[in-house]
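Source file protein_7.cif; content: mmCIF, C-alpha atoms and all ligand atoms.
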data_run
loop_
_atom_site.label_atom_id
_atom_site.label_comp_id
_atom_site.auth_asym_id
_atom_site.auth_seq_id
_atom_site.Cartn_x
_atom_site.Cartn_y
_atom_site.Cartn_z
CA MET T 121 5.63 -5.20 24.74
CA ARG T 122 5.50 -2.55 22.05
CA ASN T 123 9.28 -2.13 22.15
CA ALA T 124 10.03 -5.66 21.11
CA PRO T 125 8.92 -5.36 17.47
CA LEU T 126 10.88 -2.12 17.11
CA LEU T 127 14.05 -3.79 18.32
CA ALA T 128 13.45 -6.75 16.06
CA LEU T 129 12.92 -4.33 13.20
CA ALA T 130 16.17 -2.49 13.90
CA ALA T 131 18.03 -5.80 13.93
CA GLY T 132 16.38 -6.81 10.68
CA LEU T 133 17.43 -3.58 9.02
CA GLY T 134 21.01 -4.11 10.10
CA LEU T 135 21.01 -7.47 8.37
CA ALA T 136 19.48 -5.97 5.25
CA GLY T 137 22.29 -3.45 5.16
CA ALA T 138 20.02 -0.44 4.91
CA GLY T 139 20.79 0.94 8.35
CA ALA T 140 23.11 3.57 6.94
CA MET T 141 20.33 4.82 4.69
CA GLY T 142 18.13 5.48 7.70
CA GLY T 143 15.64 2.69 7.88
CA TRP T 144 12.56 1.82 5.98
CA ALA T 145 9.99 3.36 3.71
CA VAL T 146 6.29 3.14 2.98
CA ILE T 147 5.24 2.93 -0.68
CA THR T 148 1.78 4.28 -1.46
CA VAL T 149 0.29 3.81 -4.93
CA GLU T 150 -1.73 6.93 -5.71
CA ASN T 151 -3.93 5.47 -8.43
CA PRO T 152 -4.08 1.69 -8.01
CA PRO T 153 -6.07 0.26 -10.94
CA GLU T 154 -9.02 -1.98 -10.09
CA ALA T 155 -8.89 -3.45 -13.59
CA LEU T 156 -6.85 -2.77 -16.71
CA GLU T 157 -7.58 -2.91 -20.43
CA ALA T 158 -5.17 -4.81 -22.68
CA GLY T 159 -3.34 -2.50 -25.06
CA ALA T 160 -4.18 0.63 -23.09
CA THR T 161 -1.52 2.89 -21.60
CA TYR T 162 -1.47 3.19 -17.83
CA GLN T 163 0.46 5.70 -15.83
CA LEU T 164 0.95 4.40 -12.33
CA GLU T 165 1.91 6.97 -9.70
CA TYR T 166 3.30 6.29 -6.27
CA THR T 167 4.85 8.09 -3.32
CA VAL T 168 7.71 6.84 -1.16
CA ARG T 169 7.92 8.12 2.42
CA GLN T 170 10.69 7.28 4.82
CA HIS T 171 9.13 5.92 8.03
CA GLY T 172 5.80 6.74 6.43
CA GLU T 173 6.43 10.48 6.89
CA GLU T 174 9.32 12.02 4.96
CA PRO T 175 8.95 12.05 1.14
CA LEU T 176 11.99 10.40 -0.47
CA SER T 177 13.03 12.12 -3.69
CA ASP T 178 15.89 11.15 -6.04
CA LEU T 179 15.19 7.43 -5.95
CA ARG T 180 15.55 5.28 -9.04
CA GLY T 181 12.53 3.08 -8.83
CA THR T 182 11.13 0.46 -11.16
CA VAL T 183 7.64 -0.86 -11.74
CA ARG T 184 7.47 -4.53 -12.68
CA VAL T 185 4.43 -5.69 -14.62
CA GLN T 186 4.16 -9.46 -14.78
CA PRO T 187 1.36 -10.79 -16.97
CA ALA T 188 0.07 -14.23 -15.95
CA GLY T 189 1.94 -16.66 -18.20
CA GLY T 190 3.70 -13.85 -20.05
CA ARG T 191 6.94 -11.95 -20.21
CA LEU T 192 7.95 -9.56 -17.44
CA LEU T 193 7.85 -5.87 -18.27
CA GLU T 194 10.15 -3.57 -16.30
CA VAL T 195 9.54 0.15 -16.45
CA ALA T 196 11.80 2.81 -14.95
CA ALA T 197 9.92 5.33 -12.82
CA THR T 198 10.53 9.04 -13.19
CA PRO T 199 9.94 11.92 -10.75
CA ALA T 200 6.35 13.14 -10.91
CA GLY T 201 6.60 16.71 -9.70
CA GLN T 202 5.87 16.47 -5.99
CA PRO T 203 8.45 15.40 -3.41
CA GLY T 204 8.67 11.64 -3.13
CA ARG T 205 6.25 11.12 -6.03
CA TYR T 206 7.08 8.96 -9.07
CA ARG T 207 5.34 7.69 -12.16
CA ALA T 208 5.83 4.79 -14.54
CA THR T 209 4.00 4.41 -17.84
CA PHE T 210 3.36 1.05 -19.48
CA THR T 211 1.20 -0.61 -22.10
CA VAL T 212 -1.07 -3.19 -20.51
CA PRO T 213 -0.14 -6.67 -21.77
CA ALA T 214 -2.85 -9.07 -22.91
CA ALA T 215 -3.26 -11.65 -20.14
CA PRO T 216 -6.01 -12.69 -17.74
CA THR T 217 -4.31 -10.83 -14.89
CA VAL T 218 -1.15 -8.86 -14.17
CA ASP T 219 0.94 -8.66 -11.04
CA ILE T 220 2.36 -5.22 -10.40
CA THR T 221 5.30 -4.63 -8.07
CA VAL T 222 6.71 -1.24 -7.22
CA ALA T 223 10.44 -1.43 -6.43
CA SER T 224 11.12 1.92 -4.78
CA GLY T 225 14.89 1.90 -5.23
CA PHE T 226 15.33 2.69 -1.53
CA GLY T 227 17.99 0.50 0.09
CA PRO T 228 19.54 -2.58 -1.49
CA LYS T 229 17.82 -4.35 -4.38
CA GLY T 230 14.59 -6.01 -3.30
CA TYR T 231 14.58 -4.21 0.03
CA SER T 232 11.75 -1.73 -0.31
CA GLU T 233 9.09 -3.09 -2.63
CA LEU T 234 5.33 -3.27 -2.71
CA ALA T 235 3.47 -6.02 -4.59
CA LEU T 236 -0.15 -5.24 -5.41
CA VAL T 237 -2.98 -7.75 -5.41
CA PRO T 238 -3.24 -9.28 -8.95
CA ILE T 239 -5.26 -7.06 -11.28
CA ALA T 240 -7.76 -8.36 -13.84
CA VAL T 241 -7.14 -7.41 -17.47
CA THR T 242 -10.05 -7.06 -19.89
CA ARG T 243 -10.01 -7.04 -23.68
CA ARG T 244 -10.73 -3.78 -25.38
CA GLY T 245 -14.42 -2.94 -25.13
CA GLU T 246 -15.12 -5.75 -22.68
CA PRO T 247 -16.91 -4.66 -19.49
CA ARG T 248 -14.79 -4.42 -16.35
CA PRO T 249 -15.34 -7.15 -13.80
CA ALA T 250 -17.24 -5.82 -10.79
CA LEU T 251 -15.18 -6.14 -7.64
CA ALA T 252 -16.95 -6.80 -4.34
CA SER T 253 -16.41 -3.78 -2.12
CA ALA T 254 -14.49 -5.85 0.45
CA ASP T 255 -12.09 -7.05 -2.25
CA ARG T 256 -11.67 -3.50 -3.48
CA ALA T 257 -10.83 -2.41 0.07
CA ARG T 258 -8.34 -5.25 0.54
CA ALA T 259 -6.56 -4.28 -2.68
CA LEU T 260 -6.52 -0.69 -1.48
CA PHE T 261 -5.14 -1.66 1.92
CA VAL T 262 -2.24 -3.36 0.14
CA ALA T 263 -1.70 -0.63 -2.50
CA LYS T 264 -1.62 2.21 0.02
CA GLY T 265 1.11 0.54 2.04
CA CYS T 266 -1.01 0.07 5.18
CA GLY T 267 0.46 -3.43 5.54
CA THR T 268 3.99 -2.05 5.84
CA CYS T 269 3.10 -1.06 9.39
CA HIS T 270 -0.09 -2.93 10.28
CA ARG T 271 -0.61 -6.65 10.46
CA ASN T 272 -4.05 -7.51 9.14
CA GLY T 273 -5.05 -11.16 8.87
CA ASP T 274 -8.18 -10.06 6.98
CA VAL T 275 -5.98 -9.03 4.07
CA PRO T 276 -4.28 -12.34 3.26
CA GLU T 277 -2.89 -10.87 0.03
CA TRP T 278 -0.46 -8.83 2.05
CA ALA T 279 1.12 -11.70 3.92
CA ALA T 280 1.28 -13.87 0.82
CA ARG T 281 2.77 -11.35 -1.56
CA ASN T 282 4.97 -9.09 0.53
CA ARG T 283 7.52 -9.43 3.28
CA PRO T 284 5.85 -10.00 6.66
CA SER T 285 4.27 -6.88 8.08
CA GLN T 286 6.21 -4.89 10.59
CA SER T 287 4.35 -4.85 13.87
CA PHE T 288 4.94 -1.39 15.24
CA ALA T 289 1.35 -0.37 14.64
CA PRO T 290 -1.84 -1.90 16.08
CA ASP T 291 -2.83 -5.28 14.63
CA LEU T 292 -6.04 -4.72 12.65
CA THR T 293 -7.00 -8.40 12.31
CA GLY T 294 -10.65 -9.01 13.19
CA ARG T 295 -11.13 -5.49 14.51
CA VAL T 296 -14.42 -3.69 13.95
CA LEU T 297 -13.73 0.00 14.36
CA ASP T 298 -16.02 2.99 14.58
CA ALA T 299 -16.36 4.79 11.22
CA ALA T 300 -15.78 8.34 12.48
CA TYR T 301 -12.74 7.15 14.42
CA VAL T 302 -11.14 5.40 11.44
CA ARG T 303 -11.90 8.41 9.24
CA GLN T 304 -10.09 10.66 11.70
CA ARG T 305 -7.11 8.28 11.96
CA LEU T 306 -6.81 8.27 8.17
CA THR T 307 -7.40 11.93 7.39
CA ASN T 308 -6.02 13.74 10.43
CA PRO T 309 -3.87 11.21 12.28
CA ARG T 310 -2.09 13.74 14.49
CA SER T 311 -5.36 14.92 15.98
CA LEU T 312 -5.51 11.65 17.94
CA PRO T 313 -3.10 10.41 20.59
CA ALA T 314 -0.37 7.86 19.88
CA ILE T 315 -1.00 4.22 20.64
CA GLY T 316 2.01 2.61 22.27
CA THR T 317 5.37 4.36 22.39
CA GLY T 318 4.65 6.89 19.66
CA ALA T 319 8.06 6.10 18.08
CA VAL T 320 6.20 5.51 14.81
CA ARG T 321 2.98 7.43 14.23
CA MET T 322 0.08 6.82 11.89
CA PRO T 323 1.06 8.88 8.79
CA GLN T 324 -0.96 11.26 6.66
CA LEU T 325 -1.03 9.36 3.35
CA ASN T 326 -3.21 11.87 1.47
CA LEU T 327 -5.87 9.36 0.53
CA ALA T 328 -8.69 10.37 -1.79
CA GLN T 329 -12.07 10.67 -0.09
CA ALA T 330 -13.45 7.59 -1.88
CA GLU T 331 -10.43 5.61 -0.70
CA VAL T 332 -10.94 6.75 2.88
CA GLU T 333 -14.60 5.72 2.74
CA ALA T 334 -13.81 2.30 1.25
CA LEU T 335 -11.31 1.63 4.05
CA VAL T 336 -13.68 3.01 6.70
CA ARG T 337 -16.39 0.59 5.54
CA PHE T 338 -13.96 -2.29 5.44
CA LEU T 339 -12.47 -1.69 8.88
CA GLY T 340 -15.89 -0.97 10.37
CA SER T 341 -17.91 -4.00 9.47
CA ARG T 342 -17.82 -7.69 10.31
CA GLU T 343 -19.78 -8.52 7.18
CA GLN T 344 -17.06 -7.09 4.98
CA ARG T 345 -14.59 -9.30 6.72
CA ALA T 346 -16.68 -12.44 6.69
CA SER T 347 -17.66 -12.16 3.02
CA ARG T 348 -14.48 -13.69 1.74
C1 LIG H 401 4.15 4.29 9.01
C2 LIG H 401 3.36 3.21 9.55
C3 LIG H 401 1.87 3.20 9.27
C4 LIG H 401 1.22 3.13 8.05
C5 LIG H 401 1.84 3.09 6.67
C6 LIG H 401 -0.19 3.08 8.35
N1 LIG H 401 -0.40 3.14 9.69
FE1 LIG H 401 -2.19 3.08 10.62
N2 LIG H 401 -1.29 3.41 12.41
C7 LIG H 401 0.07 3.46 12.62
C8 LIG H 401 0.33 3.69 14.03
C9 LIG H 401 1.69 3.81 14.67
C10 LIG H 401 -0.93 3.77 14.66
C11 LIG H 401 -1.24 4.04 16.15
C12 LIG H 401 -1.64 5.49 16.31
C13 LIG H 401 -0.43 6.37 16.44
O1 LIG H 401 0.39 6.12 17.33
O2 LIG H 401 -0.33 7.33 15.66
C14 LIG H 401 -1.93 3.57 13.61
C15 LIG H 401 -3.29 3.56 13.84
C16 LIG H 401 -4.23 3.16 12.92
C17 LIG H 401 -5.61 2.88 13.22
C18 LIG H 401 -6.25 2.91 14.59
C19 LIG H 401 -6.03 1.53 15.20
C20 LIG H 401 -6.47 1.35 16.62
O3 LIG H 401 -6.08 0.33 17.24
O4 LIG H 401 -7.21 2.18 17.16
C21 LIG H 401 -6.20 2.49 12.04
C22 LIG H 401 -7.64 2.08 11.83
C23 LIG H 401 -5.18 2.56 11.01
N3 LIG H 401 -4.00 2.96 11.59
C24 LIG H 401 -5.39 2.25 9.68
C25 LIG H 401 -4.42 2.38 8.68
C26 LIG H 401 -4.70 2.25 7.27
C27 LIG H 401 -6.04 1.87 6.69
C28 LIG H 401 -3.53 2.49 6.63
C29 LIG H 401 -3.29 2.57 5.15
C30 LIG H 401 -4.11 3.53 4.43
C31 LIG H 401 -2.52 2.75 7.65
N4 LIG H 401 -3.10 2.69 8.86
C32 LIG H 401 -1.18 3.00 7.38
C33 LIG H 401 1.06 3.32 11.66
C34 LIG H 401 0.82 3.23 10.30
#

Structure encoded using structure tokens:
Amino acid sequence: MRNAPLLALAAGLGLAGAGAMGGWAVITVENPPEALEAGATYQLEYTVRQHGEEPLSDLRGTVRVQPAGGRLLEVAATPAGQPGRYRATFTVPAAPTVDITVASGFGPKGYSELALVPIAVTRRGEPRPALASADRARALFVAKGCGTCHRNGDVPEWAARNRPSQSFAPDLTGRVLDAAYVRQRLTNPRSLPAIGTGAVRMPQLNLAQAEVEALVRFLGSREQRASR
């Protein structure tokens, strides 16, 4: 059963013309903003890993900032020191929300992109809107690239805003998972056995501790899931 999605994926990559480049990549935003302030400068950083594992350097990526009802801003990303790490700096446009998309530059145009959940923009000095912890975790799930490998029906933003999830990792929809177990999967994935064929493994995405805990709470509680 687990082989079928992998074969479908391989076929899909052939069609996309990226086969020669060696497959697919996971984009992980290192500092996804929960809210932004109009007029402020933001430096978004992200990492691109082939198959979720191998950092991809020398890409020419772009970050697209689309204000609701406003003009699209396209910012070229530059290498940010570590392998596979990039940064793009932009001035936050005045708008109720912005949509941010990271175009990694891997494969043909439009092939390897990650669209974040829309981000609220405040006016200077205005208090930041408080996000419910489940919404924060959903945005994080999208921004970290979890949805590139995992289907998760509890994160509708993923399905709506990005290409359909690949299904070579366990489906997380409706699951309520033990906190210590999820923590171990996220922080030390190779210390646990593979699920399925092991052709693709859960990667080490170097999440911050607060990010790990937000995702652990989200994946570990029915209430978080039902609150939407
Ligand atoms: C490169 C693909 C990939 C990415 C990206 C990825 N995972 Fe995984 N994940 C896997 C695979 C594959 C497994 C199954 C364990 C294994 O074989 O290593 C797994 C296992 C898990 C499990 C255990 C599921 C179970 O059924 O027991 C959880 C929870 C999980 N991942 C959460 C996440 C979260 C949260 C993120 C984002 C921060 C994420 N994963 C990103 C591939 C991925």

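Minimum atom-to-atom distances from T:Asp219, T:Glu157, T:Glu150, T:Glu194 to ligand LIG 401 (chain H) were compared using only C-alpha atoms and all ligand atoms, and the lowest value belongs to T:Glu150.
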
inquiry  = Using all atoms listed in the file, which protein or nucleic acid residues come within 9 Å of Gly273 (chain T)? Drop anything in the same chain fewer than 2 positions from it, and give the result as number ranges by chain.
reply    = T: 271, 275-276, 278-279, 291-294

Given the selection you just returned, output its residues as a file containing C-alpha atoms, formatted as an mmCIF file, keeping the file's coordinate frame.
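again_26.cif written:
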data_model
loop_
_atom_site.group_PDB
_atom_site.id
_atom_site.type_symbol
_atom_site.label_atom_id
_atom_site.label_comp_id
_atom_site.auth_asym_id
_atom_site.auth_seq_id
_atom_site.Cartn_x
_atom_site.Cartn_y
_atom_site.Cartn_z
ATOM 1 C CA ARG T 271 -0.610 -6.650 10.460
ATOM 2 C CA VAL T 275 -5.980 -9.030 4.070
ATOM 3 C CA PRO T 276 -4.280 -12.340 3.260
ATOM 4 C CA TRP T 278 -0.460 -8.830 2.050
ATOM 5 C CA ALA T 279 1.120 -11.700 3.920
ATOM 6 C CA ASP T 291 -2.830 -5.280 14.630
ATOM 7 C CA LEU T 292 -6.040 -4.720 12.650
ATOM 8 C CA THR T 293 -7.000 -8.400 12.310
ATOM 9 C CA GLY T 294 -10.650 -9.010 13.190
#

For the contact check between chain T and ligand LIG 401 (chain H), emit one row per residue of chain T within 9 Å, containing the shortest atom pair and the distance in Å rounded to one decimal, counting all atoms listed in the file, chain then rising number order, as JSON lines.
{"residue": "T:Ala145", "atom": "CA", "partner": "H:LIG401", "partner_atom": "C1", "distance": 7.9}
{"residue": "T:Val146", "atom": "CA", "partner": "H:LIG401", "partner_atom": "C5", "distance": 5.8}
{"residue": "T:Ile147", "atom": "CA", "partner": "H:LIG401", "partner_atom": "C5", "distance": 8.1}
{"residue": "T:Thr148", "atom": "CA", "partner": "H:LIG401", "partner_atom": "C5", "distance": 8.2}
{"residue": "T:Arg169", "atom": "CA", "partner": "H:LIG401", "partner_atom": "C1", "distance": 8.5}
{"residue": "T:Gln170", "atom": "CA", "partner": "H:LIG401", "partner_atom": "C1", "distance": 8.3}
{"residue": "T:His171", "atom": "CA", "partner": "H:LIG401", "partner_atom": "C1", "distance": 5.3}
{"residue": "T:Gly172", "atom": "CA", "partner": "H:LIG401", "partner_atom": "C1", "distance": 3.9}
{"residue": "T:Glu173", "atom": "CA", "partner": "H:LIG401", "partner_atom": "C1", "distance": 6.9}
{"residue": "T:Leu260", "atom": "CA", "partner": "H:LIG401", "partner_atom": "C30", "distance": 7.7}
{"residue": "T:Phe261", "atom": "CA", "partner": "H:LIG401", "partner_atom": "C29", "distance": 5.6}
{"residue": "T:Val262", "atom": "CA", "partner": "H:LIG401", "partner_atom": "C29", "distance": 7.8}
{"residue": "T:Ala263", "atom": "CA", "partner": "H:LIG401", "partner_atom": "C30", "distance": 8.4}
{"residue": "T:Lys264", "atom": "CA", "partner": "H:LIG401", "partner_atom": "C30", "distance": 5.2}
{"residue": "T:Gly265", "atom": "CA", "partner": "H:LIG401", "partner_atom": "C5", "distance": 5.3}
{"residue": "T:Cys266", "atom": "CA", "partner": "H:LIG401", "partner_atom": "C29", "distance": 3.4}
{"residue": "T:Gly267", "atom": "CA", "partner": "H:LIG401", "partner_atom": "C5", "distance": 6.8}
{"residue": "T:Thr268", "atom": "CA", "partner": "H:LIG401", "partner_atom": "C5", "distance": 5.6}
{"residue": "T:Cys269", "atom": "CA", "partner": "H:LIG401", "partner_atom": "C2", "distance": 4.3}
{"residue": "T:His270", "atom": "CA", "partner": "H:LIG401", "partner_atom": "N1", "distance": 6.1}
{"residue": "T:Gln286", "atom": "CA", "partner": "H:LIG401", "partner_atom": "C2", "distance": 8.6}
{"residue": "T:Phe288", "atom": "CA", "partner": "H:LIG401", "partner_atom": "C9", "distance": 6.2}
{"residue": "T:Ala289", "atom": "CA", "partner": "H:LIG401", "partner_atom": "C9", "distance": 4.2}
{"residue": "T:Pro290", "atom": "CA", "partner": "H:LIG401", "partner_atom": "O3", "distance": 4.9}
{"residue": "T:Asp291", "atom": "CA", "partner": "H:LIG401", "partner_atom": "O3", "distance": 7.0}
{"residue": "T:Leu292", "atom": "CA", "partner": "H:LIG401", "partner_atom": "C19", "distance": 6.8}
{"residue": "T:Arg295", "atom": "CA", "partner": "H:LIG401", "partner_atom": "O3", "distance": 8.2}
{"residue": "T:Leu297", "atom": "CA", "partner": "H:LIG401", "partner_atom": "C22", "distance": 6.9}
{"residue": "T:Asp298", "atom": "CA", "partner": "H:LIG401", "partner_atom": "C22", "distance": 8.9}
{"residue": "T:Tyr301", "atom": "CA", "partner": "H:LIG401", "partner_atom": "C22", "distance": 7.6}
{"residue": "T:Val302", "atom": "CA", "partner": "H:LIG401", "partner_atom": "C22", "distance": 4.8}
{"residue": "T:Arg303", "atom": "CA", "partner": "H:LIG401", "partner_atom": "C22", "distance": 8.1}
{"residue": "T:Gln304", "atom": "CA", "partner": "H:LIG401", "partner_atom": "C22", "distance": 8.9}
{"residue": "T:Arg305", "atom": "CA", "partner": "H:LIG401", "partner_atom": "C17", "distance": 5.7}
{"residue": "T:Leu306", "atom": "CA", "partner": "H:LIG401", "partner_atom": "C24", "distance": 6.4}
{"residue": "T:Pro309", "atom": "CA", "partner": "H:LIG401", "partner_atom": "O2", "distance": 6.2}
{"residue": "T:Arg310", "atom": "CA", "partner": "H:LIG401", "partner_atom": "O2", "distance": 6.7}
{"residue": "T:Leu312", "atom": "CA", "partner": "H:LIG401", "partner_atom": "O2", "distance": 7.1}
{"residue": "T:Pro313", "atom": "CA", "partner": "H:LIG401", "partner_atom": "C13", "distance": 6.4}
{"residue": "T:Ala314", "atom": "CA", "partner": "H:LIG401", "partner_atom": "O1", "distance": 3.2}
{"residue": "T:Ile315", "atom": "CA", "partner": "H:LIG401", "partner_atom": "O1", "distance": 4.1}
{"residue": "T:Gly316", "atom": "CA", "partner": "H:LIG401", "partner_atom": "O1", "distance": 6.3}
{"residue": "T:Thr317", "atom": "CA", "partner": "H:LIG401", "partner_atom": "O1", "distance": 7.3}
{"residue": "T:Gly318", "atom": "CA", "partner": "H:LIG401", "partner_atom": "O1", "distance": 4.9}
{"residue": "T:Ala319", "atom": "CA", "partner": "H:LIG401", "partner_atom": "C9", "distance": 7.6}
{"residue": "T:Val320", "atom": "CA", "partner": "H:LIG401", "partner_atom": "C9", "distance": 4.8}
{"residue": "T:Arg321", "atom": "CA", "partner": "H:LIG401", "partner_atom": "O2", "distance": 3.6}
{"residue": "T:Met322", "atom": "CA", "partner": "H:LIG401", "partner_atom": "C7", "distance": 3.4}
{"residue": "T:Pro323", "atom": "CA", "partner": "H:LIG401", "partner_atom": "C1", "distance": 5.5}
{"residue": "T:Gln324", "atom": "CA", "partner": "H:LIG401", "partner_atom": "C32", "distance": 8.3}
{"residue": "T:Leu325", "atom": "CA", "partner": "H:LIG401", "partner_atom": "C30", "distance": 6.7}
{"residue": "T:Asn326", "atom": "CA", "partner": "H:LIG401", "partner_atom": "C30", "distance": 8.9}
{"residue": "T:Leu327", "atom": "CA", "partner": "H:LIG401", "partner_atom": "C30", "distance": 7.2}
{"residue": "T:Glu331", "atom": "CA", "partner": "H:LIG401", "partner_atom": "C30", "distance": 8.4}
{"residue": "T:Val332", "atom": "CA", "partner": "H:LIG401", "partner_atom": "C30", "distance": 7.7}
{"residue": "T:Leu335", "atom": "CA", "partner": "H:LIG401", "partner_atom": "C27", "distance": 5.9}
{"residue": "T:Val336", "atom": "CA", "partner": "H:LIG401", "partner_atom": "C27", "distance": 7.7}
{"residue": "T:Leu339", "atom": "CA", "partner": "H:LIG401", "partner_atom": "C22", "distance": 6.8}
{"residue": "T:Gly340", "atom": "CA", "partner": "H:LIG401", "partner_atom": "C22", "distance": 8.9}

request  = Please identify all polymer residues lying at most 7 Å from the point (-6.1, -8.1, -13.6) (file coordinates), using all atoms listed in the file, and present the result as JSON, numbers by chain.
outcome  = {"T": [155, 156, 216, 217, 218, 238, 239, 240, 241]}

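Taking CA of Ala215 (chain T) and CA of Arg281 (chain T) as endpoints, the distance between them is 19.5 Å.
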
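Remark: for Ala160 (chain T), the closest of the candidate residues T:Arg244, T:Arg256, T:Arg205, T:Arg283 is T:Arg244 (distances computed over all atoms listed in the file).
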
task = Pick out the closest residue to Arg191 (chain T) from this set: T:Tyr206, T:Ala250, T:Val212, T:Leu176. Count only C-alpha atoms.
result = T:Val212

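With CA of Glu165 (chain T) on one side and CA of Arg337 (chain T) on the other, the separation reads 24.7 Å.
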
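The residue that comes closest to Pro153 (chain T), out of T:Gly181, T:Pro187, T:Thr307, T:Ala259 and on the basis of all atoms listed in the file, is T:Ala259.
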
key: Distance of CA of Ala257 (chain T) from CA of Val237 (chain T), expressed in Å to one decimal place   = 11.0 Å

Would you place a box with edges along x, y and z of the file around all atoms of region 233-236 of chain T listed there, add 4 Å to each of its six sides, and report the centre and edge lengths in Å to one decimal, as JSON?
{"center_x": 4.5, "center_y": -4.6, "center_z": -4.0, "size_x": 17.2, "size_y": 10.9, "size_z": 10.8}

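Taking all atoms listed in the file into account, Arg243 (chain T) lies nearest to T:Ala214 out of the set T:Ala214, T:Leu164, T:Ala188, T:Ala334.
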
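Here the question is which of T:Arg248, T:Val168, T:Thr242, T:Asp255 gets nearest to Ala223 (chain T) using only C-alpha atoms, and that residue is T:Val168.
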
message = I'd like the neighbourhood of Arg180 (chain T) as a PyMOL selection string, where a residue qualifies if any of its atoms comes within 9 Å (using all atoms listed in the file), though same-chain residues fewer than 4 positions away should be ignored.
response = chain T and resi 196-199+223-226
